[in-house]
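Everything below belongs to structure.cif, which stores mmCIF, C-alpha atoms.
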data_protein
loop_
_atom_site.label_atom_id
_atom_site.label_comp_id
_atom_site.auth_asym_id
_atom_site.auth_seq_id
_atom_site.Cartn_x
_atom_site.Cartn_y
_atom_site.Cartn_z
CA MET A 1 22.73 -33.12 -35.42
CA SER A 2 22.85 -29.44 -36.46
CA ASN A 3 21.05 -26.63 -34.70
CA SER A 4 18.13 -26.32 -37.12
CA THR A 5 14.76 -27.82 -36.36
CA SER A 6 14.40 -28.68 -40.02
CA ASP A 7 17.30 -31.15 -39.63
CA TYR A 8 15.35 -33.13 -37.06
CA GLN A 9 12.91 -35.23 -39.05
CA VAL A 10 9.84 -35.75 -36.93
CA ASP A 11 8.35 -37.92 -39.70
CA THR A 12 11.01 -40.56 -38.98
CA VAL A 13 9.95 -40.78 -35.33
CA ASP A 14 7.24 -43.28 -34.54
CA ALA A 15 3.98 -41.56 -33.56
CA ASP A 16 3.69 -43.79 -30.50
CA ALA A 17 7.21 -42.73 -29.46
CA LEU A 18 6.27 -39.06 -29.71
CA MET A 19 3.10 -39.67 -27.74
CA GLY A 20 5.16 -41.53 -25.17
CA PHE A 21 7.55 -38.57 -24.90
CA PHE A 22 4.78 -36.07 -24.17
CA GLN A 23 3.12 -38.41 -21.69
CA GLN A 24 6.41 -38.85 -19.84
CA PHE A 25 7.11 -35.12 -20.07
CA SER A 26 3.74 -34.28 -18.50
CA LEU A 27 4.30 -36.68 -15.61
CA SER A 28 7.86 -35.50 -15.05
CA TYR A 29 6.86 -31.84 -15.21
CA GLN A 30 4.35 -32.38 -12.41
CA ASP A 31 7.04 -34.08 -10.33
CA ILE A 32 9.47 -31.24 -11.05
CA GLU A 33 6.94 -28.61 -9.97
CA GLN A 34 6.18 -30.53 -6.77
CA SER A 35 9.87 -30.93 -5.94
CA LEU A 36 10.57 -27.25 -6.53
CA LEU A 37 7.69 -26.26 -4.29
CA MET A 38 9.04 -28.54 -1.56
CA LEU A 39 12.51 -27.02 -1.94
CA GLU A 40 11.00 -23.57 -1.40
CA LEU A 41 10.19 -24.83 2.10
CA ASP A 42 13.50 -26.57 2.74
CA ALA A 43 16.31 -25.98 0.24
CA THR A 44 18.59 -28.45 2.06
CA ASP A 45 16.34 -31.53 1.70
CA MET A 46 18.54 -33.90 -0.32
CA ASP A 47 15.76 -36.46 -0.69
CA VAL A 48 13.76 -33.87 -2.61
CA ILE A 49 16.85 -32.97 -4.67
CA ASP A 50 17.10 -36.66 -5.58
CA GLU A 51 13.42 -36.70 -6.61
CA LEU A 52 14.03 -33.64 -8.76
CA VAL A 53 17.02 -35.30 -10.43
CA THR A 54 14.96 -38.44 -11.09
CA ALA A 55 12.18 -36.43 -12.75
CA ILE A 56 14.61 -34.50 -14.96
CA HIS A 57 16.49 -37.68 -15.83
CA ALA A 58 13.19 -39.24 -16.98
CA ILE A 59 12.83 -36.42 -19.51
CA GLN A 60 16.39 -37.08 -20.69
CA GLN A 61 15.57 -40.76 -21.24
CA ALA A 62 12.41 -39.81 -23.13
CA LEU A 63 14.48 -37.54 -25.39
CA HIS A 64 16.96 -40.36 -25.95
CA LYS A 65 14.17 -42.62 -27.19
CA ILE A 66 13.24 -40.14 -29.91
CA GLU A 67 16.95 -39.48 -30.60
CA PHE A 68 16.95 -35.75 -29.98
CA ASN A 69 20.59 -35.41 -28.97
CA GLU A 70 20.83 -31.62 -28.78
CA LEU A 71 18.14 -31.38 -26.13
CA GLU A 72 19.65 -34.34 -24.28
CA LYS A 73 22.79 -32.22 -23.90
CA LEU A 74 20.71 -29.44 -22.36
CA ILE A 75 19.22 -31.83 -19.80
CA ASN A 76 22.65 -33.24 -19.05
CA SER A 77 23.97 -29.75 -18.24
CA LEU A 78 21.02 -29.27 -15.92
CA LEU A 79 21.82 -32.55 -14.20
CA VAL A 80 25.46 -31.47 -13.78
CA LEU A 81 24.22 -28.33 -12.04
CA LEU A 82 21.97 -30.37 -9.73
CA GLN A 83 24.78 -32.80 -8.97
CA SER A 84 26.87 -29.88 -7.71
CA ILE A 85 24.01 -29.10 -5.33
CA ARG A 86 23.82 -32.75 -4.31
CA ASN A 87 27.57 -32.65 -3.59
CA GLN A 88 27.06 -29.42 -1.58
CA VAL A 89 29.31 -27.44 -3.91
CA LEU A 90 26.40 -25.11 -4.58
CA GLN A 91 23.38 -24.16 -2.48
CA PHE A 92 19.90 -24.49 -3.92
CA GLU A 93 18.11 -21.15 -4.26
CA THR A 94 15.03 -19.78 -5.96
CA VAL A 95 16.83 -18.74 -9.14
CA ILE A 96 17.78 -22.39 -9.71
CA SER A 97 14.05 -23.15 -9.75
CA ASP A 98 13.60 -20.40 -12.31
CA ILE A 99 16.33 -21.86 -14.53
CA ILE A 100 14.99 -25.41 -14.31
CA LEU A 101 11.45 -24.38 -15.25
CA LEU A 102 12.65 -22.28 -18.18
CA VAL A 103 14.93 -25.03 -19.53
CA VAL A 104 12.21 -27.67 -19.31
CA ASP A 105 9.69 -25.34 -20.93
CA ASP A 106 12.14 -24.66 -23.79
CA ILE A 107 12.37 -28.40 -24.45
CA LYS A 108 8.62 -28.68 -24.79
CA THR A 109 8.51 -25.60 -27.03
CA VAL A 110 11.14 -27.02 -29.40
CA LEU A 111 9.26 -30.30 -29.85
CA GLU A 112 5.98 -28.49 -30.41
CA LYS A 113 7.54 -26.22 -33.05
CA ILE A 114 8.99 -29.21 -34.88
CA ILE A 115 5.66 -31.02 -34.89
CA ASP A 116 4.03 -27.84 -36.21
CA GLY A 117 6.51 -27.82 -39.09
CA SER A 118 8.55 -24.78 -38.05
CA GLU A 119 11.53 -24.29 -40.33
CA ARG A 120 13.78 -22.77 -37.68
CA CYS A 121 13.86 -22.52 -33.91
CA VAL A 122 16.10 -19.99 -32.19
CA ILE A 123 16.00 -22.00 -28.96
CA LEU A 124 18.19 -24.71 -30.50
CA GLU A 125 20.72 -22.15 -31.66
CA ARG A 126 21.31 -20.98 -28.12
CA VAL A 127 21.53 -24.50 -26.60
CA PRO A 128 25.37 -24.72 -26.70
CA LYS A 129 25.71 -21.34 -24.95
CA VAL A 130 23.11 -22.27 -22.34
CA CYS A 131 24.82 -25.62 -21.68
CA LYS A 132 28.19 -23.93 -21.22
CA ALA A 133 26.75 -21.28 -18.90
CA LEU A 134 24.86 -23.85 -16.81
CA GLU A 135 28.02 -25.86 -16.25
CA GLN A 136 29.94 -22.69 -15.32
CA ILE A 137 27.62 -21.83 -12.42
CA PRO A 138 29.06 -24.28 -9.82
CA ASN A 139 32.63 -23.58 -11.00
CA THR A 140 32.36 -19.81 -10.55
CA ASP A 141 33.35 -18.15 -7.29
CA ALA A 142 30.55 -16.69 -5.17
CA LEU A 143 31.54 -13.12 -6.05
CA HIS A 144 30.88 -13.63 -9.78
CA ARG A 145 28.24 -16.38 -9.66
CA ASP A 146 25.28 -13.98 -9.74
CA GLY A 147 26.59 -12.61 -13.03
CA VAL A 148 26.75 -16.07 -14.59
CA ILE A 149 23.25 -16.90 -13.34
CA LYS A 150 22.00 -13.61 -14.76
CA ASP A 151 23.54 -14.54 -18.14
CA VAL A 152 21.67 -17.86 -18.11
CA LEU A 153 18.38 -16.15 -17.26
CA MET A 154 18.92 -13.58 -20.02
CA MET A 155 19.26 -16.43 -22.51
CA LEU A 156 16.24 -18.33 -21.20
CA ASP A 157 13.80 -15.69 -19.96
CA PRO A 158 11.36 -14.62 -22.68
CA SER A 159 10.84 -11.23 -21.03
CA THR A 160 14.51 -10.41 -21.57
CA GLU A 161 14.24 -11.20 -25.26
CA ILE A 162 11.17 -9.01 -25.62
CA MET A 163 12.94 -6.04 -24.06
CA GLU A 164 15.83 -6.36 -26.53
CA GLN A 165 13.67 -6.35 -29.67
CA SER A 166 13.21 -2.68 -30.48
CA GLU A 167 11.58 -3.55 -33.80
CA LEU A 168 8.57 -4.83 -31.86
CA ALA A 169 7.99 -1.51 -30.08
CA SER A 170 4.74 -0.89 -31.96
CA ASP A 171 3.32 -4.29 -31.14
CA TYR A 172 1.05 -4.11 -28.07
CA LEU A 173 1.25 -7.81 -27.24
CA ALA A 174 5.04 -7.94 -27.37
CA ARG A 175 5.19 -4.92 -25.01
CA LEU A 176 2.93 -6.63 -22.49
CA PHE A 177 5.47 -6.83 -19.65
CA GLU A 178 7.55 -3.76 -20.38
CA ASP A 179 8.08 -1.21 -17.62
CA SER A 180 6.72 1.73 -19.61
CA GLY A 181 2.96 2.19 -19.65
CA PRO A 182 0.67 2.36 -22.69
CA ASP A 183 0.56 5.67 -24.59
CA HIS A 184 -2.57 7.55 -25.71
CA GLU A 185 -2.89 5.53 -28.92
CA GLU A 186 -2.65 2.21 -27.12
CA LEU A 187 -5.11 3.24 -24.42
CA ALA A 188 -7.58 4.29 -27.10
CA ALA A 189 -7.13 0.94 -28.85
CA TYR A 190 -8.15 -0.78 -25.60
CA GLY A 191 -11.22 1.46 -25.35
CA VAL A 192 -9.99 3.82 -22.62
CA GLU A 193 -11.36 7.38 -22.72
CA GLU A 194 -9.01 9.88 -21.09
CA ASN A 195 -10.86 12.73 -19.39
CA GLU A 196 -9.80 15.18 -16.69
CA ASP A 197 -10.53 12.77 -13.83
CA PHE A 198 -8.57 10.01 -15.53
CA VAL A 199 -5.53 12.26 -16.00
CA PHE A 200 -5.83 13.22 -12.31
CA PHE A 201 -5.81 9.55 -11.23
CA ARG A 202 -2.77 8.83 -13.38
CA GLY A 203 -1.00 11.86 -11.90
CA LEU A 204 -1.69 10.61 -8.35
CA SER A 205 -0.27 7.13 -8.95
CA ALA A 206 3.33 8.23 -9.64
CA PRO A 207 4.08 10.02 -6.34
CA LEU A 208 2.28 7.29 -4.38
CA GLU A 209 4.61 4.67 -5.86
CA THR A 210 7.69 6.52 -4.60
CA ARG A 211 6.86 5.37 -1.05
CA ALA A 212 8.55 2.03 -1.84
CA HIS A 213 11.19 1.94 -4.58
CA TYR A 214 10.17 -1.51 -5.85
CA TRP A 215 6.66 -0.13 -6.49
CA LEU A 216 7.91 2.36 -9.06
CA GLY A 217 6.05 2.00 -12.35
CA ARG A 218 3.85 -0.83 -11.12
CA SER A 219 0.53 0.79 -12.10
CA GLN A 220 1.79 1.36 -15.62
CA ARG A 221 2.98 -2.24 -15.87
CA MET A 222 -0.27 -3.61 -14.46
CA LEU A 223 -2.39 -1.43 -16.73
CA ARG A 224 -1.35 -3.04 -20.01
CA LEU A 225 -1.88 -6.60 -18.73
CA ALA A 226 -5.27 -5.79 -17.19
CA LEU A 227 -6.50 -4.08 -20.35
CA LYS A 228 -5.26 -6.94 -22.54
CA MET A 229 -7.03 -9.52 -20.36
CA ASN A 230 -10.25 -7.53 -20.50
CA ASP A 231 -9.87 -7.18 -24.27
CA MET A 232 -9.37 -10.91 -24.78
CA ALA A 233 -12.59 -11.57 -22.82
CA ASP A 234 -14.52 -9.15 -25.10
CA ARG A 235 -14.46 -6.28 -22.57
CA PRO A 236 -16.93 -7.35 -19.89
CA VAL A 237 -15.48 -4.51 -17.77
CA ASP A 238 -15.59 -0.88 -18.85
CA PRO A 239 -11.95 -0.22 -19.92
CA THR A 240 -11.89 3.35 -18.58
CA GLN A 241 -13.22 2.27 -15.18
CA LEU A 242 -10.68 -0.58 -15.09
CA ALA A 243 -7.78 1.72 -15.97
CA ALA A 244 -8.84 4.25 -13.33
CA ALA A 245 -9.06 1.48 -10.72
CA ILE A 246 -5.53 0.30 -11.63
CA TYR A 247 -4.16 3.79 -10.99
CA MET A 248 -6.07 4.11 -7.71
CA HIS A 249 -5.98 0.53 -6.37
CA ASP A 250 -3.19 1.26 -3.88
CA ALA A 251 -4.00 4.93 -3.22
CA GLY A 252 -4.89 3.94 0.34
CA MET A 253 -1.23 3.07 0.92
CA ALA A 254 -0.56 6.82 1.17
CA LEU A 255 -1.94 6.69 4.72
CA ILE A 256 -0.03 3.57 5.81
CA PRO A 257 3.17 4.26 7.84
CA LEU A 258 6.41 3.75 5.90
CA SER A 259 7.68 1.51 8.70
CA VAL A 260 4.86 -0.90 7.87
CA ILE A 261 5.18 -0.64 4.08
CA ASN A 262 8.94 -1.26 4.07
CA SER A 263 9.03 -3.84 6.86
CA LYS A 264 11.35 -6.74 5.97
CA GLY A 265 10.06 -9.07 8.65
CA SER A 266 6.65 -10.55 9.38
CA LEU A 267 4.03 -7.93 10.17
CA SER A 268 2.51 -7.83 13.62
CA GLU A 269 -1.23 -8.38 13.88
CA GLN A 270 -1.69 -4.64 14.45
CA ASP A 271 0.45 -3.66 11.44
CA ARG A 272 -1.29 -6.22 9.23
CA ALA A 273 -4.62 -4.68 10.19
CA LYS A 274 -3.30 -1.26 9.11
CA MET A 275 -2.12 -2.68 5.78
CA GLU A 276 -5.48 -4.31 5.13
CA GLN A 277 -7.24 -0.95 5.47
CA HIS A 278 -5.85 0.37 2.19
CA PRO A 279 -8.60 -0.99 -0.15
CA GLN A 280 -11.26 0.64 2.02
CA ILE A 281 -9.36 3.96 2.02
CA GLY A 282 -9.00 3.89 -1.78
CA TYR A 283 -12.69 3.07 -2.11
CA GLU A 284 -13.66 6.04 0.06
CA LEU A 285 -11.51 8.35 -2.08
CA LEU A 286 -13.38 7.31 -5.22
CA ARG A 287 -16.91 6.50 -4.19
CA TYR A 288 -18.13 10.08 -3.92
CA MET A 289 -16.61 11.15 -7.22
CA LYS A 290 -19.15 11.40 -10.02
CA ASP A 291 -19.07 8.54 -12.56
CA TRP A 292 -16.44 6.40 -10.77
CA SER A 293 -18.54 4.08 -8.62
CA GLU A 294 -17.60 1.06 -10.74
CA ALA A 295 -13.88 1.78 -10.34
CA SER A 296 -14.32 2.33 -6.60
CA LEU A 297 -15.80 -1.15 -6.21
CA MET A 298 -12.82 -2.71 -8.04
CA VAL A 299 -10.45 -0.88 -5.68
CA LEU A 300 -12.40 -2.08 -2.63
CA GLN A 301 -12.43 -5.73 -3.73
CA HIS A 302 -9.02 -6.28 -5.37
CA HIS A 303 -7.65 -8.17 -2.33
CA GLU A 304 -10.68 -10.43 -1.94
CA ARG A 305 -10.14 -14.12 -2.70
CA MET A 306 -12.32 -16.71 -4.38
CA ASP A 307 -12.37 -18.90 -1.26
CA GLY A 308 -13.47 -16.03 1.00
CA SER A 309 -10.14 -15.65 2.81
CA GLY A 310 -9.37 -12.18 1.42
CA TYR A 311 -10.01 -8.71 2.79
CA PRO A 312 -11.59 -6.31 3.70
CA GLN A 313 -15.00 -8.05 3.53
CA GLY A 314 -14.16 -11.75 3.09
CA LEU A 315 -16.20 -11.97 -0.13
CA LYS A 316 -16.40 -15.14 -2.22
CA GLU A 317 -16.11 -15.53 -5.99
CA ASN A 318 -19.66 -14.68 -7.06
CA GLU A 319 -19.66 -11.60 -4.83
CA ILE A 320 -16.52 -10.08 -6.37
CA CYS A 321 -16.70 -7.90 -9.49
CA ASP A 322 -14.78 -8.90 -12.62
CA GLY A 323 -12.63 -5.78 -12.55
CA ALA A 324 -11.31 -6.67 -9.10
CA LYS A 325 -10.57 -10.22 -10.27
CA ILE A 326 -8.51 -8.87 -13.17
CA ILE A 327 -6.62 -6.42 -10.94
CA ALA A 328 -5.83 -9.20 -8.43
CA ILE A 329 -4.04 -11.21 -11.14
CA ALA A 330 -2.24 -8.20 -12.65
CA ASP A 331 -1.13 -7.12 -9.15
CA ALA A 332 0.16 -10.60 -8.30
CA MET A 333 2.00 -10.94 -11.61
CA ASP A 334 3.78 -7.65 -11.04
CA ALA A 335 4.66 -8.60 -7.47
CA ARG A 336 6.08 -11.96 -8.57
CA THR A 337 8.24 -10.44 -11.31
CA HIS A 338 9.45 -7.38 -9.40
CA GLU A 339 9.43 -8.27 -5.71
CA ARG A 340 13.09 -9.32 -5.66
CA ALA A 341 14.43 -6.86 -8.23
CA HIS A 342 15.52 -4.40 -5.54
CA ALA A 343 17.49 -7.10 -3.76
CA THR A 344 19.09 -9.17 -6.51
CA LEU A 345 18.74 -7.04 -9.66
CA MET A 346 17.06 -10.03 -11.29
CA LYS A 347 13.33 -10.30 -11.86
CA ARG A 348 11.58 -13.61 -11.41
CA PRO A 349 11.07 -15.08 -14.90
CA LEU A 350 7.60 -14.72 -16.37
CA LEU A 351 7.11 -18.46 -16.77
CA ARG A 352 7.58 -19.17 -13.07
CA ALA A 353 5.32 -16.28 -12.09
CA ALA A 354 2.60 -17.48 -14.46
CA MET A 355 2.87 -20.98 -13.03
CA GLU A 356 2.47 -19.68 -9.47
CA ILE A 357 -0.66 -17.75 -10.42
CA SER A 358 -2.17 -20.74 -12.22
CA LYS A 359 -1.71 -22.88 -9.13
CA LYS A 360 -3.93 -20.51 -7.14
CA ALA A 361 -6.96 -20.66 -9.45
CA ASP A 362 -10.21 -21.16 -7.51
CA THR A 363 -8.56 -20.28 -4.20
CA GLN A 364 -6.95 -16.86 -4.54
CA PHE A 365 -7.88 -16.07 -8.15
CA SER A 366 -10.88 -16.64 -10.42
CA SER A 367 -10.29 -19.73 -12.55
CA TYR A 368 -12.04 -18.01 -15.46
CA TRP A 369 -9.71 -15.03 -15.36
CA VAL A 370 -6.66 -17.25 -14.75
CA ASP A 371 -7.56 -19.02 -18.01
CA ILE A 372 -7.80 -15.64 -19.76
CA PHE A 373 -4.44 -14.62 -18.26
CA SER A 374 -2.89 -17.90 -19.41
CA SER A 375 -4.21 -17.36 -22.94
CA VAL A 376 -2.70 -13.86 -23.03
CA PHE A 377 0.62 -15.15 -21.66
CA HIS A 378 0.87 -18.05 -24.11
CA GLU A 379 -0.11 -15.86 -27.05
CA MET A 380 2.64 -13.45 -26.05
CA ARG A 381 5.21 -16.26 -25.84
CA GLN A 382 4.20 -17.74 -29.20
CA GLN A 383 4.52 -14.35 -30.84
CA GLU A 384 7.83 -13.71 -29.14
CA ASN A 385 9.25 -17.02 -30.38
CA SER A 386 7.90 -16.38 -33.88
CA HIS A 387 9.54 -12.94 -34.10
CA VAL A 388 12.84 -14.22 -32.73
CA ASP A 389 12.88 -17.09 -35.26
CA GLU A 390 12.31 -14.60 -38.09
CA ALA A 391 15.04 -12.24 -36.94
#

Could you render the structure as structure tokens?
Amino acid sequence: MSNSTSDYQVDTVDADALMGFFQQFSLSYQDIEQSLLMLELDATDMDVIDELVTAIHAIQQALHKIEFNELEKLINSLLVLLQSIRNQVLQFETVISDIILLVVDDIKTVLEKIIDGSERCVILERVPKVCKALEQIPNTDALHRDGVIKDVLMMLDPSTEIMEQSELASDYLARLFEDSGPDHEELAAYGVEENEDFVFFRGLSAPLETRAHYWLGRSQRMLRLALKMNDMADRPVDPTQLAAAIYMHDAGMALIPLSVINSKGSLSEQDRAKMEQHPQIGYELLRYMKDWSEASLMVLQHHERMDGSGYPQGLKENEICDGAKIIAIADAMDARTHERAHATLMKRPLLRAAMEISKKADTQFSSYWVDIFSSVFHEMRQQENSHVDEA
């Protein structure tokens, strides 16, 4: 079989067989997610590794039934990697979870594109390189292994592909997870009105973020996602108030000791109490400023949770404003994709971060706004795949 989707004739595959594939895929994906979550707790549990292998092997068998040999090879390379973990040649770590989720998601994407009648799919063209790189991981010495893993993630992670496509620089959706913030034109397109106060808030955010180097640029990154989510929901939140709240949501951190902010261990009860004061401090900074009461409320509530376990007031879903619900998701997404960058030079792939957020709908995050976030994320991925296929 060649690397073009057009060479795989979906019309020759029995409809029941295709339905059977997607049913098996759905079941196996749930098992894979569960196993990966268990391995986050204990990466040495070989029984869970075996369950993970069984779930991935089930997808391989389902692919065999519909005779999709190229994707079978991809699964086989994944199984080789897991076997090296089973044989204790390689230790399981979080980036392996990232790779597994991205590979499995690629398989689903390929089948969906074929069913939709896509003429060409770039994912298939990179399969041989991904297979080779996956099989190199356990055979590479520890000194160079991170580089090989990074190569695999660069091939699989959609965010990496977006960053490399300069021709998409004018496309707001494709720039969704870039480090640079939206310019004047883009802010205006989202309905943001820049006045003197707004410029002041933006100016404050930059020096505040220097207090922890992995915070740098986070307000700018969060801003585009928050505005896009609000836009997709027909702007229930005033865009200017939302943007101001993004810039000011962690302003209260300016008064938290650096020893607490940069602590690598678990916070003491006293230090945690100091950390949880920052929404209240940010709220107090804004509440007395003319015309920014709506933004101040978003700042106060952005760490509240739908189940009432958040802070500072322990509010539940119906008591929390929509702007705060949006900021909570944008804040979490940025934390998931940048929290380890300072340690490993690799960001957590977008797909895994999105999955983690979706799992916390109705507990930490609003299910309504998680659905909006998911729609934005999937629209971005579809567009990214479409542009790459056309390149």

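The space separating atom CA of Leu176 of chain A from atom CA of Ala226 of chain A comes to 9.8 Å.
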
On this structure, which residues satisfy the PyMOL selection byres ((chain A and resi 235) around 12), written as JSON, numbers by chain? {"A": [190, 191, 192, 226, 227, 228, 229, 230, 231, 232, 233, 234, 236, 237, 238, 239, 240, 241, 242, 322, 323, 326, 372]}

Residues of the last selection are to be written out with C-alpha atoms, as a compact mmCIF listing (two decimals), keeping the file's coordinate frame.
# COMPACT_ATOMS: atom_id res chain seq x y z
CA TYR A 190 -8.15 -0.78 -25.60
CA GLY A 191 -11.22 1.46 -25.35
CA VAL A 192 -9.99 3.82 -22.62
CA ALA A 226 -5.27 -5.79 -17.19
CA LEU A 227 -6.50 -4.08 -20.35
CA LYS A 228 -5.26 -6.94 -22.54
CA MET A 229 -7.03 -9.52 -20.36
CA ASN A 230 -10.25 -7.53 -20.50
CA ASP A 231 -9.87 -7.18 -24.27
CA MET A 232 -9.37 -10.91 -24.78
CA ALA A 233 -12.59 -11.57 -22.82
CA ASP A 234 -14.52 -9.15 -25.10
CA PRO A 236 -16.93 -7.35 -19.89
CA VAL A 237 -15.48 -4.51 -17.77
CA ASP A 238 -15.59 -0.88 -18.85
CA PRO A 239 -11.95 -0.22 -19.92
CA THR A 240 -11.89 3.35 -18.58
CA GLN A 241 -13.22 2.27 -15.18
CA LEU A 242 -10.68 -0.58 -15.09
CA ASP A 322 -14.78 -8.90 -12.62
CA GLY A 323 -12.63 -5.78 -12.55
CA ILE A 326 -8.51 -8.87 -13.17
CA ILE A 372 -7.80 -15.64 -19.76

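We find atom CA of Asn87 of chain A and atom CA of Pro138 of chain A to be spaced 10.5 Å apart.
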
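Among the candidates A:Leu255, A:Val299, A:Leu111, A:Leu134, the one nearest to Gln83 of chain A when counting only C-alpha atoms is A:Leu134.
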
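Atom CA of Arg352 of chain A lies 21.2 Å from atom CA of Asp45 of chain A.
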
Return as CSV the residues of segment 209-251 of chain A lying at most 12 Å from segment 302-314 of chain A, together with the closest atom-to-atom pair for each and the distance in Å to one decimal, counting all atoms listed in the file, with rows in chain order and ascending residue number.
residue,atom,partner,partner_atom,distance
A:Leu242,CA,A:His302,CA,11.4
A:Ala245,CA,A:His302,CA,9.4
A:Ile246,CA,A:His302,CA,9.7
A:Met248,CA,A:His302,CA,11.1
A:His249,CA,A:His302,CA,7.5
A:Asp250,CA,A:His302,CA,9.6

Determine the residue membership of the PyMOL selection byres ((chain A and resi 276) around 10) for the file above and supply it as number ranges by chain. A: 252-253, 256, 271-275, 277-281, 303, 310-312

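The smallest atom-to-atom distance between Leu37 of chain A and any of A:Ala206, A:Leu124, A:Leu101, A:Ala15, using all atoms listed in the file, is found for A:Leu101.
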
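Taking all atoms listed in the file into account, Glu72 of chain A lies nearest to A:Val103 out of the set A:Leu156, A:Val103, A:Leu18, A:Ile261.
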
For the provided coordinates, the residues matched by the PyMOL selection byres ((chain A and resi 371) around 12) should be stated as an MDAnalysis selection string. chainID A and resid 229 232:233 326 329 354:355 357:362 365:370 372:378

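Neighbouring residues of segment 33-35 of chain A at 7 Å or closer, counting only C-alpha atoms and skipping chain neighbours under 4 positions away, are Tyr29, Leu39, Val48, Glu51 and Leu52 of chain A.
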